[in-house]
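As provided, data-v4.csv (CSV, C-alpha atoms) reads as follows.
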```csv
chain,number,residue,atom,x,y,z
A,162,MET,CA,120.9,153.8,95.3
A,163,ALA,CA,118.2,151.8,93.6
A,164,GLY,CA,118.7,148.5,92.0
A,165,SER,CA,118.2,144.8,92.5
A,166,ASP,CA,120.0,143.0,95.3
A,167,ARG,CA,122.0,141.3,92.6
A,168,ASP,CA,123.3,144.6,91.2
A,169,LEU,CA,124.0,146.0,94.7
A,170,VAL,CA,125.9,142.8,95.7
A,171,LYS,CA,127.9,143.1,92.5
A,172,GLU,CA,128.8,146.7,93.1
A,173,ALA,CA,129.5,146.1,96.8
A,174,LEU,CA,132.0,143.4,95.8
A,175,ARG,CA,133.8,146.1,93.7
A,176,GLY,CA,134.1,148.2,96.9
A,177,ARG,CA,131.3,150.6,96.3
A,178,THR,CA,130.2,152.0,99.7
A,179,ILE,CA,126.9,153.4,98.4
A,180,ALA,CA,125.8,150.0,97.1
A,181,PHE,CA,126.5,148.3,100.4
A,182,GLU,CA,124.8,151.0,102.3
A,183,ALA,CA,121.7,150.5,100.1
A,184,LEU,CA,121.7,146.9,101.0
A,185,VAL,CA,122.0,147.8,104.7
A,186,ARG,CA,119.1,150.3,104.5
A,187,ARG,CA,116.9,147.9,102.5
A,188,HIS,CA,117.4,144.8,104.8
A,189,LEU,CA,118.2,146.2,108.2
A,190,ARG,CA,114.5,146.3,109.4
A,191,PRO,CA,113.7,142.7,108.7
A,192,ALA,CA,117.1,141.7,110.0
A,193,TYR,CA,116.3,143.6,113.2
A,194,ALA,CA,112.9,141.9,113.5
A,195,VAL,CA,114.5,138.5,113.2
A,196,ALA,CA,117.2,139.4,115.7
A,197,LEU,CA,114.7,140.8,118.1
A,198,ALA,CA,112.5,137.6,117.7
A,199,ARG,CA,115.5,135.5,118.6
A,200,THR,CA,117.3,137.5,121.3
A,201,GLY,CA,114.2,139.3,122.8
A,202,SER,CA,116.3,142.4,123.4
A,203,PRO,CA,116.4,145.6,121.2
A,204,HIS,CA,120.0,146.2,122.3
A,205,ASP,CA,121.1,142.7,121.4
A,206,ALA,CA,119.2,142.8,118.2
A,207,GLU,CA,121.1,145.9,117.1
A,208,ASP,CA,124.4,144.3,117.9
A,209,VAL,CA,123.5,141.1,116.1
A,210,CYS,CA,122.4,143.1,113.1
A,211,GLN,CA,125.8,144.9,113.0
A,212,ASP,CA,127.7,141.7,113.3
A,213,ALA,CA,125.5,139.9,110.7
A,214,PHE,CA,126.0,142.6,108.1
A,215,ILE,CA,129.7,142.7,108.5
A,216,ALA,CA,129.9,138.9,108.4
A,217,ALA,CA,127.7,139.0,105.2
A,218,LEU,CA,130.0,141.6,103.6
A,219,GLU,CA,133.1,139.5,104.5
A,220,ARG,CA,131.5,136.4,102.8
A,221,LEU,CA,129.7,138.2,100.0
A,222,ALA,CA,131.8,136.6,97.3
A,223,THR,CA,130.6,133.2,98.5
A,224,LEU,CA,126.9,134.1,97.9
A,225,ARG,CA,125.9,131.9,95.0
A,226,ASP,CA,122.6,133.6,94.2
A,227,PRO,CA,122.7,137.3,94.9
A,228,ASP,CA,119.0,137.5,94.4
A,229,ARG,CA,118.6,135.5,97.6
A,230,PHE,CA,120.7,138.0,99.6
A,231,GLU,CA,117.9,138.7,102.1
A,232,ALA,CA,117.2,135.0,102.9
A,233,TRP,CA,121.0,134.5,103.2
A,234,LEU,CA,121.4,137.5,105.5
A,235,LEU,CA,118.5,136.4,107.7
A,236,GLU,CA,120.1,133.0,108.2
A,237,ILE,CA,123.3,134.8,109.3
A,238,VAL,CA,121.2,136.9,111.7
A,239,ARG,CA,119.6,133.7,113.2
A,240,ASN,CA,123.0,132.0,113.6
A,241,ARG,CA,124.5,135.1,115.2
A,242,SER,CA,121.5,135.5,117.6
A,243,LEU,CA,121.9,131.8,118.6
A,244,ASN,CA,125.6,132.3,119.2
A,245,LEU,CA,124.9,135.3,121.3
A,246,LEU,CA,122.4,133.5,123.5
A,247,ARG,CA,124.6,130.5,123.8
A,248,SER,CA,127.6,132.7,124.9
A,249,ARG,CA,125.5,134.5,127.5
A,250,ARG,CA,123.3,131.6,128.5
A,251,VAL,CA,121.2,134.0,130.4
A,252,ARG,CA,119.4,136.6,128.4
A,253,SER,CA,120.1,140.1,129.7
A,254,GLU,CA,117.2,142.4,129.1
A,255,GLU,CA,118.0,146.0,128.8
A,256,PRO,CA,116.8,147.7,132.0
A,257,ILE,CA,114.1,150.2,131.5
A,258,ASP,CA,116.0,152.9,133.4
A,259,GLU,CA,118.9,152.5,131.0
A,260,ALA,CA,116.6,153.0,128.0
A,261,LEU,CA,115.2,156.1,129.7
A,262,ALA,CA,118.6,157.5,130.5
A,263,ARG,CA,119.7,157.0,126.9
A,264,GLY,CA,116.5,158.6,125.5
A,265,GLY,CA,116.8,161.6,127.8
A,266,GLY,CA,114.4,163.5,125.5
A,267,PRO,CA,112.3,166.5,126.3
A,268,ASN,CA,109.3,164.3,127.2
A,269,PRO,CA,110.4,161.8,129.9
A,270,GLU,CA,106.8,160.7,130.6
A,271,ARG,CA,106.2,159.7,127.1
A,272,ASP,CA,109.6,157.9,126.9
A,273,ALA,CA,108.8,156.1,130.1
A,274,GLU,CA,105.4,155.0,128.7
A,275,ARG,CA,107.0,153.9,125.5
A,276,ALA,CA,109.6,151.9,127.3
A,277,ALA,CA,106.9,150.3,129.4
A,278,LEU,CA,104.9,149.3,126.4
A,279,ARG,CA,107.9,147.9,124.7
A,280,ASP,CA,108.8,145.9,127.8
A,281,ASP,CA,105.3,144.5,127.9
A,282,LEU,CA,105.4,143.5,124.3
A,283,LEU,CA,108.8,141.9,124.6
A,284,THR,CA,107.6,140.0,127.7
A,285,ALA,CA,104.6,138.7,125.9
A,286,LEU,CA,106.7,137.8,122.8
A,287,ALA,CA,109.1,135.9,125.0
A,288,ALA,CA,106.4,133.5,125.8
A,289,LEU,CA,106.2,132.4,122.1
A,290,ASP,CA,108.6,130.0,120.5
A,291,GLU,CA,111.2,131.5,118.2
A,292,THR,CA,109.4,130.7,114.9
A,293,ARG,CA,106.2,132.4,116.0
A,294,ARG,CA,108.1,135.4,117.3
A,295,GLU,CA,109.8,135.7,114.0
A,296,VAL,CA,106.6,135.3,111.9
A,297,THR,CA,104.8,137.8,114.1
A,298,LEU,CA,107.4,140.5,114.0
A,299,LEU,CA,108.0,140.1,110.2
A,300,HIS,CA,104.2,140.3,109.5
A,301,ASP,CA,103.0,142.7,112.1
A,302,VAL,CA,106.0,145.0,112.5
A,303,GLU,CA,107.7,144.8,109.1
A,304,GLY,CA,104.5,144.4,107.1
A,305,TRP,CA,105.7,141.3,105.2
A,306,ARG,CA,103.0,139.3,103.4
A,307,HIS,CA,102.4,135.6,104.3
A,308,ALA,CA,103.9,134.5,101.0
A,309,GLU,CA,107.1,136.6,101.6
A,310,ILE,CA,107.6,135.1,105.0
A,311,ALA,CA,106.9,131.6,103.7
A,312,ASP,CA,109.6,132.2,101.0
A,313,ARG,CA,112.2,133.6,103.4
A,314,LEU,CA,111.7,131.2,106.2
A,315,GLY,CA,111.2,128.2,103.9
A,316,MET,CA,107.8,127.0,105.1
A,317,PRO,CA,104.4,126.6,103.5
A,318,GLU,CA,102.2,129.7,103.5
A,319,GLY,CA,99.5,127.8,105.4
A,320,THR,CA,102.0,127.1,108.2
A,321,VAL,CA,102.9,130.8,108.4
A,322,ARG,CA,99.2,131.6,108.8
A,323,TYR,CA,98.8,129.0,111.5
A,324,HIS,CA,101.8,130.3,113.4
A,325,LEU,CA,100.6,133.9,113.1
A,326,HIS,CA,97.1,132.9,114.3
A,327,GLU,CA,98.4,131.0,117.3
A,328,ALA,CA,100.9,133.7,118.2
A,329,ARG,CA,98.3,136.5,118.1
A,330,LYS,CA,95.9,134.4,120.2
A,331,ALA,CA,98.6,133.9,122.8
A,332,LEU,CA,99.7,137.5,122.8
A,333,ARG,CA,96.2,138.8,123.1
A,334,GLU,CA,95.6,136.6,126.1
A,335,ARG,CA,98.8,137.8,127.8
A,336,LEU,CA,98.3,141.5,127.0
A,337,ALA,CA,94.5,141.6,127.6
A,338,ALA,CA,95.0,141.4,131.4
A,339,ARG,CA,97.2,144.5,131.4
A,340,TYR,CA,95.5,146.6,128.7
A,341,GLY,CA,92.0,145.3,129.5
A,342,LYS,CA,90.8,145.0,125.9
A,343,GLU,CA,90.7,141.7,124.2
A,344,THR,CA,90.2,142.0,120.5
A,345,HIS,CA,89.2,139.2,118.1
A,346,GLY,CA,91.1,138.9,114.9
B,244,MET,CA,97.4,144.6,111.6
B,245,THR,CA,98.5,146.6,114.6
B,246,ASP,CA,94.9,147.4,115.6
B,247,GLU,CA,94.4,143.7,116.3
B,248,LEU,CA,96.6,143.9,119.3
B,249,GLU,CA,96.7,146.3,122.2
B,250,PRO,CA,98.9,148.2,122.8
B,251,GLY,CA,100.1,147.8,119.1
B,252,TRP,CA,103.5,147.1,117.7
B,253,ALA,CA,104.7,150.7,117.4
B,254,PRO,CA,107.0,150.5,120.5
B,255,LEU,CA,109.0,147.8,118.7
B,256,ASP,CA,109.5,149.8,115.5
B,257,PRO,CA,113.2,150.5,115.5
B,258,THR,CA,112.8,153.6,113.2
B,259,ARG,CA,110.7,155.4,115.8
B,260,ASP,CA,114.0,156.7,117.1
B,261,PRO,CA,115.5,157.9,113.8
B,262,GLU,CA,118.7,159.1,115.5
B,263,ARG,CA,119.4,155.7,117.0
B,264,TRP,CA,118.5,154.0,113.7
B,265,GLU,CA,120.9,156.2,111.8
B,266,SER,CA,123.5,155.5,114.4
B,267,THR,CA,123.1,151.7,113.8
B,268,VAL,CA,123.5,152.2,110.1
B,269,ARG,CA,126.6,154.4,110.6
B,270,GLY,CA,128.0,151.8,112.9
B,271,ILE,CA,127.7,149.1,110.3
B,272,MET,CA,129.1,151.3,107.6
B,273,GLU,CA,132.1,152.3,109.7
B,274,ARG,CA,133.0,148.6,110.3
B,275,ALA,CA,132.4,147.9,106.6
B,276,ALA,CA,134.7,150.6,105.4
B,277,PRO,CA,138.0,148.6,105.5
B,278,ILE,CA,136.4,145.6,104.0
B,279,LEU,CA,135.0,147.6,101.1
B,280,ALA,CA,138.3,149.3,100.7
B,281,GLY,CA,139.9,145.9,100.3
B,282,TYR,CA,137.3,145.0,97.6
B,283,ALA,CA,138.1,148.2,95.8
B,284,ALA,CA,141.9,147.7,95.8
B,285,PRO,CA,143.0,145.4,93.0
B,286,GLY,CA,144.2,142.1,94.3
B,287,PRO,CA,146.9,139.7,92.8
B,288,ALA,CA,144.3,138.1,90.5
B,289,ASP,CA,143.3,141.6,89.1
B,290,TRP,CA,147.0,142.4,88.5
B,291,LEU,CA,147.5,139.1,86.7
B,292,ALA,CA,144.4,139.6,84.6
B,293,ALA,CA,145.5,143.1,83.7
B,294,TRP,CA,148.9,141.9,82.7
B,295,VAL,CA,148.0,138.7,80.9
B,296,ARG,CA,145.7,140.2,78.3
B,297,PRO,CA,148.1,142.7,76.8
B,298,ALA,CA,150.9,140.2,77.1
B,299,LEU,CA,149.0,137.6,75.1
B,300,ALA,CA,148.0,140.2,72.5
B,301,ALA,CA,151.7,141.3,72.1
B,302,ALA,CA,152.8,137.7,71.9
B,303,ALA,CA,150.2,137.1,69.1
B,304,VAL,CA,151.5,140.1,67.2
B,305,VAL,CA,155.2,139.0,67.5
B,306,SER,CA,154.3,135.4,66.5
B,307,ALA,CA,152.4,136.7,63.4
B,308,LEU,CA,155.4,138.9,62.4
B,309,ALA,CA,157.9,136.1,63.0
B,310,ILE,CA,155.9,133.6,60.9
B,311,GLY,CA,155.5,136.1,58.1
B,312,ALA,CA,159.3,136.8,58.1
B,313,LEU,CA,160.1,133.1,58.1
B,314,VAL,CA,157.8,132.4,55.2
B,315,ALA,CA,159.0,135.3,53.2
B,316,GLY,CA,162.7,134.9,54.0
B,317,GLY,CA,162.6,131.0,53.7
B,318,GLY,CA,161.1,131.2,50.2
B,319,GLY,CA,163.7,133.6,48.9
B,320,GLU,CA,166.6,131.5,50.2
B,321,ALA,CA,165.2,128.4,48.7
B,322,ALA,CA,164.9,130.1,45.3
B,323,GLY,CA,168.5,131.3,45.4
B,324,ASN,CA,170.0,128.0,46.5
B,325,GLY,CA,170.2,125.5,43.7
B,326,ALA,CA,171.2,122.6,46.0
B,327,SER,CA,167.9,122.8,47.8
B,328,ALA,CA,165.7,123.4,44.7
B,329,ILE,CA,163.7,120.4,43.6
B,330,GLY,CA,162.8,120.0,39.9
B,331,LEU,CA,159.5,118.8,38.5
B,332,GLY,CA,161.1,115.7,37.1
B,333,ASP,CA,162.6,114.7,40.4
B,334,ALA,CA,159.3,115.4,42.1
B,335,LEU,CA,157.6,113.0,39.6
B,336,GLY,CA,160.2,110.4,40.1
B,337,TYR,CA,161.7,110.4,36.5
B,338,PRO,CA,165.4,109.1,36.2
B,339,THR,CA,168.0,112.0,36.1
B,340,PRO,CA,169.0,111.4,32.5
B,341,VAL,CA,165.4,111.8,31.3
B,342,THR,CA,165.1,115.1,33.2
B,343,ALA,CA,168.3,116.3,31.7
B,344,TRP,CA,167.1,115.4,28.2
B,345,VAL,CA,163.9,117.3,28.7
B,346,SER,CA,165.5,120.3,30.1
B,347,THR,CA,168.2,120.5,27.4
B,348,GLY,CA,166.0,119.4,24.5
B,349,GLN,CA,168.6,116.7,23.6
B,350,THR,CA,167.5,113.5,21.9
B,351,PRO,CA,168.9,110.4,23.7
B,352,THR,CA,170.4,107.5,21.9
B,353,ILE,CA,168.9,104.0,22.1
B,354,GLU,CA,171.7,102.9,24.3
B,355,GLU,CA,171.1,105.8,26.7
B,356,LEU,CA,167.4,105.1,26.9
B,357,LEU,CA,168.1,101.4,27.7
B,358,VAL,CA,170.5,102.4,30.5
B,359,ALA,CA,168.0,104.9,31.9
B,360,MET,CA,165.1,102.3,31.9
B,361,GLU,CA,167.3,99.7,33.6
B,362,GLU,CA,168.1,102.3,36.3
B,363,ARG,CA,164.4,103.0,36.9
B,364,ASN,CA,163.6,99.3,37.1
B,365,ARG,CA,166.2,98.7,39.9
```

Now, as a test, write the supplied structure out as C-alpha cells.
Amino acid sequence: MAGSDRDLVKEALRGRTIAFEALVRRHLRPAYAVALARTGSPHDAEDVCQDAFIAALERLATLRDPDRFEAWLLEIVRNRSLNLLRSRRVRSEEPIDEALARGGGPNPERDAERAALRDDLLTALAALDETRREVTLLHDVEGWRHAEIADRLGMPEGTVRYHLHEARKALRERLAARYGKETHG
Amino acid sequence: MTDELEPGWAPLDPTRDPERWESTVRGIMERAAPILAGYAAPGPADWLAAWVRPALAAAAVVSALAIGALVAGGGGEAAGNGASAIGLGDALGYPTPVTAWVSTGQTPTIEELLVAMEERNR
C-alpha cells in the first residue's frame, strides 16, 4: 500500500491492517539498524523492533505530526533498546552455534562464514559509541544520506559526517588486522 | 559505501534471510491484530457522534414545525378574540371616545370633546 506516512497513520488508526503493515515494511529496516546499533545483537534488535512497533501502534493517536512517524518510531526503538540493556545489565550476544542451528540451510559452510563475518562486524561496532554505531548503520547498511540522518537524529549534517568518518576509521583499524586489507576512504 | 570496509556490511543486512525477515513482520502483525481490531470497532465517542447528528437534525425539524404552528395558530386566535385585539387608536394613544367617534362616524358634541380632552390631560 503506497501513500505518505500521514495517510498510513490515519488509515491504521481506523484499524486498517494493510496500512499498518505498510508502515512496518517501510520503517522496519531503519528501526532494526538503530536497535542493532544500540543492543549489538541481531536477536535483541528483532525483539526491540517488534516491541517498538506495537508500542507505536498503541500510542499512535498521540502522534502529533504523522509526517514525523519515522523519527518518532526511532525514538521509541532507542528507548526500548535502552530498557532492554538496563534490564539485562549484561549484554547477551547470540552464540554463533545458535545462529548456525537456526540457519540449518543446505550450505553450512557458507552459513558459518556469514555468521563469523557478522560476529566480527558486531564486535568491531561494539567498540564505537552508540551514536557512531547508529550513524554508521543507517548510512552504510540502510543507505540513508547524511541529511536524512541529520534530520532523524536531530544533529547538524557536519556532525553526522564527522561521526561517520571517525567510525569508519576505527572500524577499519579493528577489522584490518583480521582481514588484512586496510582501505582508505 | 560497503567497498570502503572489509568484509563489508552485507552480513548485517537483515533482509539477507528473507524467511526470517518475513517472520519478524508476521510477528509484529500478529501482535498488532487485536489493537487494530480495537481501532476498527466503533467506540463510545463514535456511537455518540453517530447518534448526536441525526438527533440534532430531527430536533431542528421539530422546532421549525412547532414555531410554524405557533405562529399560524396564535395569529388566528388573536384575530378571532376581540378581547385581545388592539385597535389603531388604542395603539396611537387616542382617548376611547375619540376612537369610538372615528369608528362610528359620529360627530361629538362640544361637551363630549371637552370631557375627552380633560381625560387625555390627566

Listing only residues of chain A within 7 Å of chain B, what is the closest atom pair and its distance in Å (to one decimal) for each, using only C-alpha atoms, sorted by chain and residue number ascending, as CSV?
```
residue,atom,partner,partner_atom,distance
A:Leu174,CA,B:Tyr282,CA,5.8
A:Arg175,CA,B:Ala283,CA,5.2
A:Gly176,CA,B:Ala283,CA,4.1
A:Arg177,CA,B:Leu279,CA,6.8
A:Thr178,CA,B:Leu279,CA,6.7
A:Glu182,CA,B:Met272,CA,6.8
A:Glu207,CA,B:Thr267,CA,7.0
A:Gln211,CA,B:Ile271,CA,5.3
A:Ile215,CA,B:Ala275,CA,6.2
A:Glu219,CA,B:Ile278,CA,7.0
A:Arg275,CA,B:Pro254,CA,6.0
A:Leu278,CA,B:Pro254,CA,6.4
A:Arg279,CA,B:Pro254,CA,5.0
A:Asp301,CA,B:Met244,CA,5.9
A:Val302,CA,B:Trp252,CA,6.1
A:Arg333,CA,B:Leu248,CA,6.4
A:Leu336,CA,B:Glu249,CA,7.0
A:Tyr340,CA,B:Glu249,CA,6.6
A:Thr344,CA,B:Glu247,CA,6.2
A:Gly346,CA,B:Glu247,CA,6.0
```

Identify the residues within 8 Å of coordinate (125.6, 136.3, 92.5) (same frame as the file), considering all atoms listed in the file, and give the answer as a PyMOL selection string.
chain A and resi 167+170-171+222+224-228

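Pairwise distance (atom CA of Val296 of chain A, atom CA of Ala163 of chain A) equals 27.2 Å.
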
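Of note, atom CA of Asp272 of chain A and atom CA of Pro261 of chain B are spaced 14.4 Å apart.
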
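Distance check against Arg294 of chain A using only C-alpha atoms: of A:Leu234, A:Leu332, A:Leu189, A:Leu221, the minimum falls on A:Leu332.
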
If we count all atoms listed in the file and set the cut-off at 9 Å, which residues sit around Leu245 of chain A, ignoring sequence neighbours fewer than 5 positions away in its own chain? Please answer as a PyMOL selection string.
chain A and resi 200+205+209+240+250

One decimal, Å: what's the distance from atom CA of Tyr193 of chain A over to atom CA of Cys210 of chain A, could you say?
6.1 Å

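Closest approach to His300 of chain A among A:Asp208, A:Ala183, A:Leu169, A:Arg329: A:Arg329, based on all atoms listed in the file.
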